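File shown: run00.json (JSON, C-alpha atoms and all ligand atoms).
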```json
[["chain", "number", "residue", "atom", "x", "y", "z"],
["R", 227, "LYS", "CA", 110.50, -23.22, 144.81],
["R", 228, "THR", "CA", 108.16, -23.30, 147.76],
["R", 229, "THR", "CA", 108.86, -23.97, 151.39],
["R", 230, "ALA", "CA", 106.23, -24.60, 154.05],
["R", 231, "ILE", "CA", 106.91, -23.50, 157.60],
["R", 232, "VAL", "CA", 105.38, -26.09, 159.93],
["R", 233, "GLY", "CA", 105.21, -24.54, 163.39],
["R", 234, "CYS", "CA", 104.98, -27.29, 166.01],
["R", 235, "PRO", "CA", 104.50, -25.80, 169.47],
["R", 236, "PHE", "CA", 104.99, -29.10, 171.29],
["R", 237, "SER", "CA", 106.81, -30.06, 174.49],
["R", 238, "GLY", "CA", 105.28, -33.45, 175.35],
["R", 239, "GLY", "CA", 108.40, -35.44, 174.52],
["R", 240, "GLN", "CA", 110.34, -33.93, 177.40],
["R", 241, "PRO", "CA", 109.71, -32.37, 180.84],
["R", 242, "LYS", "CA", 110.87, -28.75, 180.51],
["R", 243, "ALA", "CA", 108.23, -26.09, 179.84],
["R", 244, "GLY", "CA", 108.93, -23.57, 177.13],
["R", 245, "VAL", "CA", 110.13, -25.56, 174.14],
["R", 246, "ASP", "CA", 106.58, -25.27, 172.74],
["R", 247, "GLN", "CA", 107.25, -21.54, 172.38],
["R", 248, "GLY", "CA", 110.20, -22.15, 170.09],
["R", 249, "PRO", "CA", 108.22, -21.86, 166.83],
["R", 250, "ILE", "CA", 106.59, -18.52, 167.63],
["R", 251, "ARG", "CA", 109.93, -17.01, 168.61],
["R", 252, "LEU", "CA", 111.55, -18.17, 165.37],
["R", 253, "ILE", "CA", 108.63, -16.72, 163.38],
["R", 254, "GLU", "CA", 108.76, -13.45, 165.35],
["R", 255, "ALA", "CA", 112.49, -13.26, 164.63],
["R", 256, "GLY", "CA", 111.55, -13.01, 160.94],
["R", 257, "ILE", "CA", 112.31, -16.43, 159.46],
["R", 258, "ILE", "CA", 109.54, -16.05, 156.87],
["R", 259, "LYS", "CA", 110.91, -12.76, 155.50],
["R", 260, "ASP", "CA", 114.42, -14.25, 155.65],
["R", 261, "LEU", "CA", 113.40, -17.14, 153.39],
["R", 262, "GLU", "CA", 111.43, -14.89, 151.04],
["R", 263, "GLY", "CA", 114.61, -12.83, 150.77],
["R", 264, "LEU", "CA", 116.37, -15.96, 149.53],
["R", 265, "GLY", "CA", 113.80, -16.29, 146.77],
["R", 266, "TRP", "CA", 111.56, -18.90, 148.40],
["R", 267, "LYS", "CA", 107.78, -18.76, 148.16],
["R", 268, "VAL", "CA", 106.90, -19.30, 151.81],
["R", 269, "LYS", "CA", 103.70, -20.98, 152.96],
["R", 270, "PHE", "CA", 102.79, -20.64, 156.62],
["R", 271, "ASP", "CA", 99.35, -21.83, 157.59],
["R", 272, "GLY", "CA", 99.80, -21.07, 161.25],
["R", 273, "HIS", "CA", 101.03, -23.14, 164.12],
["R", 274, "HIS", "CA", 99.61, -26.62, 164.39],
["R", 275, "GLN", "CA", 97.76, -26.42, 167.69],
["R", 276, "PHE", "CA", 97.94, -29.45, 169.99],
["R", 277, "GLU", "CA", 95.86, -30.28, 173.01],
["R", 278, "ASP", "CA", 97.18, -28.92, 176.28],
["R", 279, "ILE", "CA", 99.20, -31.71, 177.88],
["R", 280, "SER", "CA", 97.49, -31.34, 181.25],
["R", 281, "ALA", "CA", 94.09, -31.69, 179.60],
["R", 282, "THR", "CA", 94.67, -35.24, 178.46],
["R", 283, "ASN", "CA", 94.29, -38.39, 180.56],
["R", 284, "ASP", "CA", 97.56, -39.92, 179.54],
["R", 285, "PRO", "CA", 99.19, -42.09, 182.20],
["R", 286, "PRO", "CA", 102.70, -43.39, 181.45],
["R", 287, "ILE", "CA", 103.11, -46.64, 179.54],
["R", 288, "GLY", "CA", 105.96, -48.33, 181.37],
["R", 289, "ILE", "CA", 108.01, -45.22, 182.06],
["R", 290, "LEU", "CA", 107.14, -43.49, 178.75],
["R", 291, "LYS", "CA", 105.63, -40.09, 179.51],
["R", 292, "ASN", "CA", 102.68, -38.53, 177.66],
["R", 293, "PRO", "CA", 102.68, -41.50, 175.23],
["R", 294, "ARG", "CA", 99.17, -40.97, 173.81],
["R", 295, "LEU", "CA", 99.69, -37.23, 173.34],
["R", 296, "VAL", "CA", 103.11, -37.68, 171.70],
["R", 297, "SER", "CA", 101.69, -40.36, 169.43],
["R", 298, "ARG", "CA", 98.69, -38.24, 168.40],
["R", 299, "VAL", "CA", 100.72, -35.12, 167.80],
["R", 300, "THR", "CA", 103.51, -36.83, 165.86],
["R", 301, "GLN", "CA", 100.99, -38.69, 163.74],
["R", 302, "SER", "CA", 99.33, -35.40, 162.80],
["R", 303, "VAL", "CA", 102.74, -33.91, 162.01],
["R", 304, "ALA", "CA", 103.47, -36.89, 159.74],
["R", 305, "LYS", "CA", 100.35, -36.06, 157.73],
["R", 306, "VAL", "CA", 101.13, -32.31, 157.58],
["R", 307, "VAL", "CA", 104.73, -32.85, 156.48],
["R", 308, "GLY", "CA", 103.73, -35.66, 154.11],
["R", 309, "ASP", "CA", 101.15, -33.40, 152.44],
["R", 310, "HIS", "CA", 103.69, -30.60, 151.94],
["R", 311, "VAL", "CA", 106.31, -33.02, 150.59],
["R", 312, "ALA", "CA", 103.72, -34.62, 148.29],
["R", 313, "LYS", "CA", 103.10, -31.16, 146.79],
["R", 314, "GLY", "CA", 106.82, -30.74, 146.12],
["R", 315, "GLU", "CA", 107.16, -28.18, 148.90],
["R", 316, "LEU", "CA", 110.11, -28.20, 151.32],
["R", 317, "PRO", "CA", 108.70, -28.46, 154.87],
["R", 318, "VAL", "CA", 110.72, -26.57, 157.51],
["R", 319, "THR", "CA", 109.43, -27.94, 160.81],
["R", 320, "LEU", "CA", 110.10, -25.67, 163.77],
["R", 321, "GLY", "CA", 110.03, -27.39, 167.18],
["R", 322, "GLY", "CA", 109.17, -28.10, 169.72],
["R", 323, "ASP", "CA", 110.98, -31.12, 171.08],
["R", 324, "HIS", "CA", 112.69, -33.76, 168.95],
["R", 325, "SER", "CA", 109.98, -36.43, 169.41],
["R", 326, "LEU", "CA", 108.33, -34.52, 166.53],
["R", 327, "ALA", "CA", 110.89, -36.07, 164.17],
["R", 328, "MET", "CA", 108.92, -39.34, 164.41],
["R", 329, "GLY", "CA", 106.27, -37.41, 162.50],
["R", 330, "THR", "CA", 108.40, -35.33, 160.17],
["R", 331, "ILE", "CA", 110.58, -38.23, 159.00],
["R", 332, "SER", "CA", 107.56, -40.53, 158.62],
["R", 333, "GLY", "CA", 106.07, -37.80, 156.44],
["R", 334, "THR", "CA", 109.18, -37.47, 154.29],
["R", 335, "LEU", "CA", 109.70, -41.24, 153.91],
["R", 336, "SER", "CA", 106.06, -41.72, 152.93],
["R", 337, "LYS", "CA", 106.79, -39.67, 149.81],
["R", 338, "TYR", "CA", 110.53, -40.39, 149.40],
["R", 339, "PRO", "CA", 111.07, -43.99, 150.59],
["R", 340, "ASP", "CA", 114.69, -43.82, 149.43],
["R", 341, "ALA", "CA", 115.44, -40.64, 151.39],
["R", 342, "CYS", "CA", 118.37, -40.56, 153.79],
["R", 343, "VAL", "CA", 118.34, -38.91, 157.21],
["R", 344, "ILE", "CA", 121.15, -36.74, 158.52],
["R", 345, "TRP", "CA", 120.68, -36.31, 162.28],
["R", 346, "ILE", "CA", 122.61, -33.43, 163.88],
["R", 347, "ASP", "CA", 122.50, -33.79, 167.66],
["R", 348, "ALA", "CA", 124.51, -34.18, 170.87],
["R", 349, "HIS", "CA", 122.28, -37.21, 171.45],
["R", 350, "ALA", "CA", 121.34, -40.28, 169.41],
["R", 351, "ASP", "CA", 117.61, -40.13, 170.32],
["R", 352, "ILE", "CA", 117.51, -43.88, 169.68],
["R", 353, "ASN", "CA", 116.40, -45.27, 173.04],
["R", 354, "THR", "CA", 113.73, -47.97, 172.98],
["R", 355, "ALA", "CA", 110.99, -48.56, 175.58],
["R", 356, "GLU", "CA", 113.45, -51.07, 177.06],
["R", 357, "THR", "CA", 116.60, -48.91, 177.13],
["R", 358, "THR", "CA", 115.25, -45.43, 178.00],
["R", 359, "LYS", "CA", 116.14, -44.30, 181.50],
["R", 360, "SER", "CA", 114.17, -41.04, 181.36],
["R", 361, "GLY", "CA", 110.93, -42.09, 179.67],
["R", 362, "ASN", "CA", 111.19, -38.82, 177.72],
["R", 363, "ILE", "CA", 110.12, -39.70, 174.20],
["R", 364, "HIS", "CA", 112.32, -36.99, 172.62],
["R", 365, "GLY", "CA", 115.15, -39.46, 173.35],
["R", 366, "MET", "CA", 113.46, -42.23, 171.34],
["R", 367, "PRO", "CA", 112.19, -41.11, 167.89],
["R", 368, "VAL", "CA", 114.92, -42.86, 165.86],
["R", 369, "SER", "CA", 114.21, -46.30, 167.40],
["R", 370, "PHE", "CA", 110.56, -46.04, 166.36],
["R", 371, "LEU", "CA", 111.49, -44.92, 162.83],
["R", 372, "LEU", "CA", 113.87, -47.92, 162.51],
["R", 373, "GLY", "CA", 111.41, -50.36, 164.08],
["R", 374, "LEU", "CA", 113.82, -51.26, 166.87],
["R", 375, "GLY", "CA", 112.86, -52.39, 170.38],
["R", 376, "PRO", "CA", 109.66, -53.78, 171.84],
["R", 377, "LYS", "CA", 106.38, -52.84, 170.18],
["R", 378, "VAL", "CA", 104.44, -50.03, 171.84],
["R", 379, "ASP", "CA", 100.81, -50.24, 170.66],
["R", 380, "GLU", "CA", 100.31, -46.48, 170.94],
["R", 381, "PHE", "CA", 102.97, -46.00, 168.28],
["R", 382, "SER", "CA", 101.90, -48.77, 165.93],
["R", 383, "TRP", "CA", 101.19, -46.11, 163.26],
["R", 384, "VAL", "CA", 104.95, -45.43, 162.95],
["R", 385, "LYS", "CA", 106.05, -47.70, 160.11],
["R", 386, "PRO", "CA", 109.71, -48.82, 160.10],
["R", 387, "LEU", "CA", 110.39, -46.94, 156.86],
["R", 388, "LEU", "CA", 113.91, -45.83, 157.79],
["R", 389, "ARG", "CA", 116.82, -48.19, 157.07],
["R", 390, "THR", "CA", 119.87, -48.22, 159.31],
["R", 391, "ASP", "CA", 122.14, -47.65, 156.30],
["R", 392, "ARG", "CA", 120.21, -44.49, 155.36],
["R", 393, "LEU", "CA", 120.86, -42.79, 158.72],
["R", 394, "VAL", "CA", 123.96, -40.89, 159.82],
["R", 395, "TYR", "CA", 124.67, -38.80, 162.94],
["R", 396, "ILE", "CA", 126.96, -35.79, 163.39],
["R", 397, "GLY", "CA", 127.70, -34.13, 166.76],
["R", 398, "LEU", "CA", 127.14, -36.99, 169.22],
["R", 399, "ARG", "CA", 128.70, -36.58, 172.68],
["R", 400, "ASP", "CA", 126.05, -37.73, 175.20],
["R", 401, "VAL", "CA", 124.91, -41.23, 174.18],
["R", 402, "ASP", "CA", 123.44, -43.63, 176.76],
["R", 403, "ALA", "CA", 125.04, -47.08, 177.21],
["R", 404, "GLY", "CA", 121.93, -48.73, 175.79],
["R", 405, "GLU", "CA", 122.07, -46.47, 172.76],
["R", 406, "LYS", "CA", 125.77, -47.16, 172.17],
["R", 407, "LYS", "CA", 124.90, -50.88, 172.01],
["R", 408, "ILE", "CA", 122.07, -50.21, 169.55],
["R", 409, "LEU", "CA", 124.38, -48.13, 167.33],
["R", 410, "ARG", "CA", 127.05, -50.86, 167.39],
["R", 411, "ASP", "CA", 124.68, -53.80, 166.93],
["R", 412, "ASN", "CA", 123.02, -52.10, 163.95],
["R", 413, "ASN", "CA", 126.20, -50.71, 162.37],
["R", 414, "ILE", "CA", 124.74, -47.22, 162.37],
["R", 415, "LYS", "CA", 127.19, -44.61, 161.10],
["R", 416, "ALA", "CA", 127.86, -41.91, 163.68],
["R", 417, "PHE", "CA", 130.34, -39.05, 163.75],
["R", 418, "SER", "CA", 130.81, -37.93, 167.34],
["R", 419, "MET", "CA", 132.60, -34.73, 168.30],
["R", 420, "HIS", "CA", 135.77, -36.85, 168.43],
["R", 421, "GLU", "CA", 135.54, -37.47, 164.67],
["R", 422, "VAL", "CA", 134.64, -33.82, 164.05],
["R", 423, "ASP", "CA", 137.86, -32.85, 165.88],
["R", 424, "LYS", "CA", 139.87, -35.54, 164.12],
["R", 425, "TYR", "CA", 138.77, -35.03, 160.50],
["R", 426, "GLY", "CA", 137.26, -31.55, 160.49],
["R", 427, "ILE", "CA", 133.64, -30.82, 159.63],
["R", 428, "GLY", "CA", 134.25, -30.69, 155.87],
["R", 429, "LYS", "CA", 135.57, -34.24, 155.73],
["R", 430, "VAL", "CA", 132.94, -35.49, 158.18],
["R", 431, "VAL", "CA", 130.09, -34.19, 156.03],
["R", 432, "GLU", "CA", 131.71, -35.66, 152.90],
["R", 433, "ILE", "CA", 132.14, -39.12, 154.48],
["R", 434, "ALA", "CA", 128.65, -38.95, 155.99],
["R", 435, "LEU", "CA", 127.14, -38.20, 152.58],
["R", 436, "ASP", "CA", 129.27, -40.91, 150.94],
["R", 437, "HIS", "CA", 127.82, -43.36, 153.45],
["R", 438, "VAL", "CA", 124.12, -42.59, 153.08],
["R", 439, "ASN", "CA", 124.08, -40.97, 149.64],
["R", 440, "PRO", "CA", 127.02, -42.33, 147.60],
["R", 441, "GLY", "CA", 125.46, -41.42, 144.25],
["R", 442, "ARG", "CA", 124.27, -38.03, 145.56],
["R", 443, "ASP", "CA", 120.90, -39.05, 144.13],
["R", 444, "ARG", "CA", 118.81, -39.65, 147.24],
["R", 445, "PRO", "CA", 116.57, -37.01, 148.84],
["R", 446, "ILE", "CA", 117.91, -35.73, 152.18],
["R", 447, "HIS", "CA", 115.94, -35.09, 155.37],
["R", 448, "LEU", "CA", 118.06, -32.96, 157.72],
["R", 449, "SER", "CA", 116.99, -33.14, 161.37],
["R", 450, "PHE", "CA", 118.86, -30.50, 163.37],
["R", 451, "ASP", "CA", 118.69, -30.44, 167.19],
["R", 452, "VAL", "CA", 120.17, -27.13, 168.28],
["R", 453, "ASP", "CA", 121.79, -28.88, 171.25],
["R", 454, "ALA", "CA", 124.28, -30.27, 168.72],
["R", 455, "LEU", "CA", 125.83, -26.81, 168.93],
["R", 456, "ASP", "CA", 128.01, -25.90, 171.86],
["R", 457, "PRO", "CA", 125.97, -24.38, 174.71],
["R", 458, "SER", "CA", 128.02, -21.18, 174.29],
["R", 459, "VAL", "CA", 126.48, -20.94, 170.80],
["R", 460, "ALA", "CA", 122.93, -22.17, 171.53],
["R", 461, "PRO", "CA", 122.34, -21.93, 175.29],
["R", 462, "SER", "CA", 118.53, -21.96, 175.41],
["R", 463, "THR", "CA", 117.85, -25.67, 174.92],
["R", 464, "GLY", "CA", 116.63, -28.39, 177.25],
["R", 465, "THR", "CA", 119.54, -30.82, 177.35],
["R", 466, "PRO", "CA", 122.75, -28.83, 176.76],
["R", 467, "VAL", "CA", 126.05, -30.72, 176.63],
["R", 468, "ARG", "CA", 129.48, -29.04, 176.63],
["R", 469, "GLY", "CA", 131.98, -29.62, 173.83],
["R", 470, "GLY", "CA", 129.62, -29.11, 170.90],
["R", 471, "LEU", "CA", 129.73, -27.80, 167.34],
["R", 472, "THR", "CA", 130.90, -24.26, 166.75],
["R", 473, "PHE", "CA", 128.66, -21.69, 165.10],
["R", 474, "ARG", "CA", 130.55, -22.27, 161.84],
["R", 475, "GLU", "CA", 130.55, -26.07, 162.03],
["R", 476, "GLY", "CA", 126.77, -26.02, 162.46],
["R", 477, "HIS", "CA", 126.38, -23.65, 159.53],
["R", 478, "TYR", "CA", 128.84, -25.58, 157.36],
["R", 479, "ILE", "CA", 126.64, -28.68, 157.68],
["R", 480, "CYS", "CA", 123.58, -26.72, 156.54],
["R", 481, "GLU", "CA", 125.47, -25.00, 153.68],
["R", 482, "ALA", "CA", 126.96, -28.29, 152.45],
["R", 483, "ILE", "CA", 123.59, -30.07, 152.54],
["R", 484, "TYR", "CA", 122.01, -27.22, 150.59],
["R", 485, "GLU", "CA", 124.82, -27.43, 148.01],
["R", 486, "THR", "CA", 123.87, -31.05, 147.26],
["R", 487, "GLY", "CA", 120.54, -29.77, 145.92],
["R", 488, "LEU", "CA", 118.96, -32.84, 147.52],
["R", 489, "LEU", "CA", 117.36, -31.37, 150.65],
["R", 490, "VAL", "CA", 113.63, -32.18, 150.79],
["R", 491, "ALA", "CA", 112.82, -31.54, 154.45],
["R", 492, "LEU", "CA", 114.33, -29.77, 157.44],
["R", 493, "ASP", "CA", 113.65, -29.92, 161.19],
["R", 494, "LEU", "CA", 114.97, -27.22, 163.55],
["R", 495, "MET", "CA", 114.32, -28.61, 167.03],
["R", 496, "GLU", "CA", 114.67, -28.03, 170.78],
["R", 497, "VAL", "CA", 114.87, -24.22, 170.91],
["R", 498, "ASN", "CA", 113.50, -23.43, 174.39],
["R", 499, "PRO", "CA", 112.98, -19.67, 174.90],
["R", 500, "SER", "CA", 112.18, -20.21, 178.58],
["R", 501, "LEU", "CA", 115.71, -21.26, 179.43],
["R", 502, "ALA", "CA", 118.60, -18.96, 180.42],
["R", 503, "ASP", "CA", 118.50, -15.16, 180.27],
["R", 504, "GLN", "CA", 116.91, -13.08, 177.51],
["R", 505, "ALA", "CA", 120.24, -12.45, 175.78],
["R", 506, "SER", "CA", 120.81, -16.21, 175.59],
["R", 507, "VAL", "CA", 117.30, -16.74, 174.24],
["R", 508, "LYS", "CA", 117.79, -14.05, 171.60],
["R", 509, "GLN", "CA", 121.12, -15.63, 170.63],
["R", 510, "THR", "CA", 119.65, -19.13, 170.36],
["R", 511, "VAL", "CA", 116.67, -17.97, 168.31],
["R", 512, "ALA", "CA", 118.97, -15.99, 166.00],
["R", 513, "VAL", "CA", 121.23, -19.01, 165.49],
["R", 514, "GLY", "CA", 118.16, -21.15, 164.73],
["R", 515, "CYS", "CA", 116.99, -18.71, 162.05],
["R", 516, "SER", "CA", 120.51, -18.51, 160.63],
["R", 517, "LEU", "CA", 120.83, -22.30, 160.35],
["R", 518, "VAL", "CA", 117.51, -22.48, 158.52],
["R", 519, "ARG", "CA", 118.66, -19.76, 156.10],
["R", 520, "SER", "CA", 121.91, -21.64, 155.43],
["R", 521, "ALA", "CA", 120.08, -24.92, 154.82],
["R", 522, "LEU", "CA", 117.83, -23.10, 152.35],
["R", 523, "GLY", "CA", 120.56, -21.45, 150.32],
["R", 524, "GLU", "CA", 122.01, -18.46, 152.12],
["R", 525, "THR", "CA", 125.71, -18.22, 151.19],
["R", 526, "LEU", "CA", 128.53, -16.12, 152.55],
["R", 527, "LEU", "CA", 129.69, -14.88, 149.13],
["R", 601, "LIG", "N1", 119.44, -40.03, 176.14],
["R", 601, "LIG", "C1", 118.66, -39.07, 176.89],
["R", 601, "LIG", "C2", 117.25, -39.55, 177.09],
["R", 601, "LIG", "O1", 116.54, -38.94, 177.90],
["R", 601, "LIG", "O2", 116.87, -40.55, 176.42],
["R", 601, "LIG", "C3", 119.33, -38.83, 178.24],
["R", 601, "LIG", "N2", 119.92, -37.50, 178.11],
["R", 601, "LIG", "C4", 120.13, -36.75, 179.36],
["R", 601, "LIG", "C5", 121.05, -37.51, 180.27],
["R", 601, "LIG", "C6", 121.36, -36.67, 181.50],
["R", 601, "LIG", "C7", 122.33, -37.39, 182.42],
["R", 601, "LIG", "C8", 123.58, -37.80, 181.68],
["R", 601, "LIG", "C9", 123.22, -38.61, 180.44],
["R", 601, "LIG", "N3", 122.30, -37.87, 179.60],
["R", 601, "LIG", "C10", 119.02, -36.72, 177.27],
["R", 601, "LIG", "C11", 118.75, -37.71, 176.17],
["R", 601, "LIG", "C12", 117.58, -37.33, 175.31],
["R", 601, "LIG", "C13", 117.85, -36.05, 174.51],
["R", 601, "LIG", "C14", 116.78, -35.76, 173.49],
["R", 601, "LIG", "B1", 117.16, -34.63, 172.44],
["R", 601, "LIG", "O3", 116.11, -34.48, 171.49],
["R", 601, "LIG", "O4", 117.41, -33.37, 173.11],
["R", 601, "LIG", "O5", 118.34, -35.00, 171.71],
["R", 602, "MN", "MN", 101.06, -26.61, 157.24],
["R", 603, "MN", "MN", 117.45, -34.55, 169.63],
["R", 604, "MN", "MN", 119.83, -33.46, 171.69]]
```

Please go through the file and, once you have read it, give me the structure as structure tokens.
Ligand SMILES: N[C@@]1(C(=O)O)CN(C[C@@H]2CCCCN2)C[C@@H]1CCC[B-](O)(O)O
Ligand SMILES: [Mn+2]
Ligand SMILES: [Mn+2]
Ligand SMILES: [Mn+2]
Amino acid sequence: KTTAIVGCPFSGGQPKAGVDQGPIRLIEAGIIKDLEGLGWKVKFDGHHQFEDISATNDPPIGILKNPRLVSRVTQSVAKVVGDHVAKGELPVTLGGDHSLAMGTISGTLSKYPDACVIWIDAHADINTAETTKSGNIHGMPVSFLLGLGPKVDEFSWVKPLLRTDRLVYIGLRDVDAGEKKILRDNNIKAFSMHEVDKYGIGKVVEIALDHVNPGRDRPIHLSFDVDALDPSVAPSTGTPVRGGLTFREGHYICEAIYETGLLVALDLMEVNPSLADQASVKQTVAVGCSLVRSALGETLL
């Protein structure tokens, strides 16, 4: 079994510098050796370099920031991830901000059209060009993947390959009003921290899988935004929100998804080693590596 580490040093979907350094820090922390230790053959063809944001003439479209750069980068990521998936390799995409998921999930769905997406995040990342208040495209990838909202020519390459009944969220606790309406209007299954408290993470993962993968026969793309975790667990991230998943709840999700044997692609997003003090950075990077190990088969016994 082969996994391909796709390092995506990219920050164009959001305004805070540093998240583009996430991949190198995860690599330096030893993620490759970690996965080899779990028996994986690990391919790492280097970090996918992207033009410097400042070097591109990329005025906003409406209020969307860096639209041409984000589109170009995510389209190239779609090809990279698609190629790895087509070869039967498990791409582990290291971000970089969560706009990259427009690329990773397009890549996965191009090979596995019946795949389901499990989105672990404090946020729904489902704003459209009409509903976004920030214009930060890391808050929008899911709407493009579902084909919701007004067309944005720059992103016409993103095909609406994802179906609303193949998407489920766990960890939500900071969802914009416009996003709440989109989730309701489209009957999208979402387990907020309220449901995690109410049912416990074990039951939540079971119900989530029953919803998007009732026969446990569909490939799974797990897209993990480290800000789903409580800021005390993963402090170095761009949009922290209190009241998040514990260290164990985050790891349980990854362990349970691995146990299904259906994982075909993983994203580990929004680690920003420029935020908070060095101890916090070290902690966040270590948690990121640990989550990846758990999603790729590390067990406690
Ligand atoms: N919905 C958001 C957007 O900018 O669209 C607004 N939110 C920040 C905002 C601050 C003020 C109180 C309400 N929340 C961040 C989120 C995107 C997160 C992207 B992710 O990849 O980190 O999940
Ligand atoms: Mn590659
Ligand atoms: Mn996110
Ligand atoms: Mn988030």

Taking only C-alpha atoms and all ligand atoms into account, report as an MDAnalysis selection string which residues have an atom no farther than 9 Å from an atom of ligand MN 603 (chain R). chainID R and resid 323:325 327 345:351 364:367 449:454 465 495:496

How would the residues just chosen look if you wrote them out with C-alpha atoms as a PDB file, in the coordinates of the input?
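part_14.pdb was written with the following content:
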```pdb
ATOM      1  CA  ASP R 323     110.980 -31.120 171.080  1.00  0.00           C
ATOM      2  CA  HIS R 324     112.690 -33.760 168.950  1.00  0.00           C
ATOM      3  CA  SER R 325     109.980 -36.430 169.410  1.00  0.00           C
ATOM      4  CA  ALA R 327     110.890 -36.070 164.170  1.00  0.00           C
ATOM      5  CA  TRP R 345     120.680 -36.310 162.280  1.00  0.00           C
ATOM      6  CA  ILE R 346     122.610 -33.430 163.880  1.00  0.00           C
ATOM      7  CA  ASP R 347     122.500 -33.790 167.660  1.00  0.00           C
ATOM      8  CA  ALA R 348     124.510 -34.180 170.870  1.00  0.00           C
ATOM      9  CA  HIS R 349     122.280 -37.210 171.450  1.00  0.00           C
ATOM     10  CA  ALA R 350     121.340 -40.280 169.410  1.00  0.00           C
ATOM     11  CA  ASP R 351     117.610 -40.130 170.320  1.00  0.00           C
ATOM     12  CA  HIS R 364     112.320 -36.990 172.620  1.00  0.00           C
ATOM     13  CA  GLY R 365     115.150 -39.460 173.350  1.00  0.00           C
ATOM     14  CA  MET R 366     113.460 -42.230 171.340  1.00  0.00           C
ATOM     15  CA  PRO R 367     112.190 -41.110 167.890  1.00  0.00           C
ATOM     16  CA  SER R 449     116.990 -33.140 161.370  1.00  0.00           C
ATOM     17  CA  PHE R 450     118.860 -30.500 163.370  1.00  0.00           C
ATOM     18  CA  ASP R 451     118.690 -30.440 167.190  1.00  0.00           C
ATOM     19  CA  VAL R 452     120.170 -27.130 168.280  1.00  0.00           C
ATOM     20  CA  ASP R 453     121.790 -28.880 171.250  1.00  0.00           C
ATOM     21  CA  ALA R 454     124.280 -30.270 168.720  1.00  0.00           C
ATOM     22  CA  THR R 465     119.540 -30.820 177.350  1.00  0.00           C
ATOM     23  CA  MET R 495     114.320 -28.610 167.030  1.00  0.00           C
ATOM     24  CA  GLU R 496     114.670 -28.030 170.780  1.00  0.00           C
TER      25      GLU R 496
END
```

With all atoms listed in the file as the counted atoms, please give the residues lying no more than 12 Å from R:Trp383, apart from itself and same-chain residues fewer than 4 positions off, as a VMD selection string. chain R and resid 294 297 to 302 304 to 305 328 to 329 332 to 333 370 to 371 373 377 to 379 387

Dump the neighbourhood of ligand MN 602 (chain R) as an MDAnalysis selection string: all residues within 12 Å, distances computed on all atoms listed in the file. chainID R and resid 229:234 268:275 302:311 313 315:320 330

Using all atoms listed in the file, collect all residues at a distance of at most 12 Å from (108.8, -17.3, 169.9) as written in the file, then present them as an MDAnalysis selection string. chainID R and resid 233:235 244:257 273 320:322 497:500 504 507:508 510:512 514:515

When distances are computed from all atoms listed in the file, which of R:Gln509, R:Asn413, R:Asn439, R:Asn283 shows the smallest separation from R:Pro457? R:Gln509

If you measure from atom CA of R:Val343 to atom CA of R:Leu522, what distance in Å do you get, rounded to one decimal? 16.5 Å

Ranking R:Leu398, R:Leu261, R:Leu517, R:Ala482 by minimum distance to ligand MN 604 (chain R) and counting all atoms listed in the file, which one comes first?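 Between R:Leu398, R:Leu261, R:Leu517, R:Ala482, the residue approaching ligand MN 604 (chain R) most closely is R:Leu398.
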
Please work out which residues fall within 6 Å of (113.0, -32.4, 156.0), coordinates as given in the file, with only C-alpha atoms counting, and return them as a PDB file with C-alpha atoms, in the coordinates of the input.
```
ATOM      1  CA  PRO R 317     108.700 -28.460 154.870  1.00  0.00           C
ATOM      2  CA  HIS R 447     115.940 -35.090 155.370  1.00  0.00           C
ATOM      3  CA  LEU R 448     118.060 -32.960 157.720  1.00  0.00           C
ATOM      4  CA  VAL R 490     113.630 -32.180 150.790  1.00  0.00           C
ATOM      5  CA  ALA R 491     112.820 -31.540 154.450  1.00  0.00           C
ATOM      6  CA  LEU R 492     114.330 -29.770 157.440  1.00  0.00           C
ATOM      7  CA  ASP R 493     113.650 -29.920 161.190  1.00  0.00           C
TER       8      ASP R 493
END
```
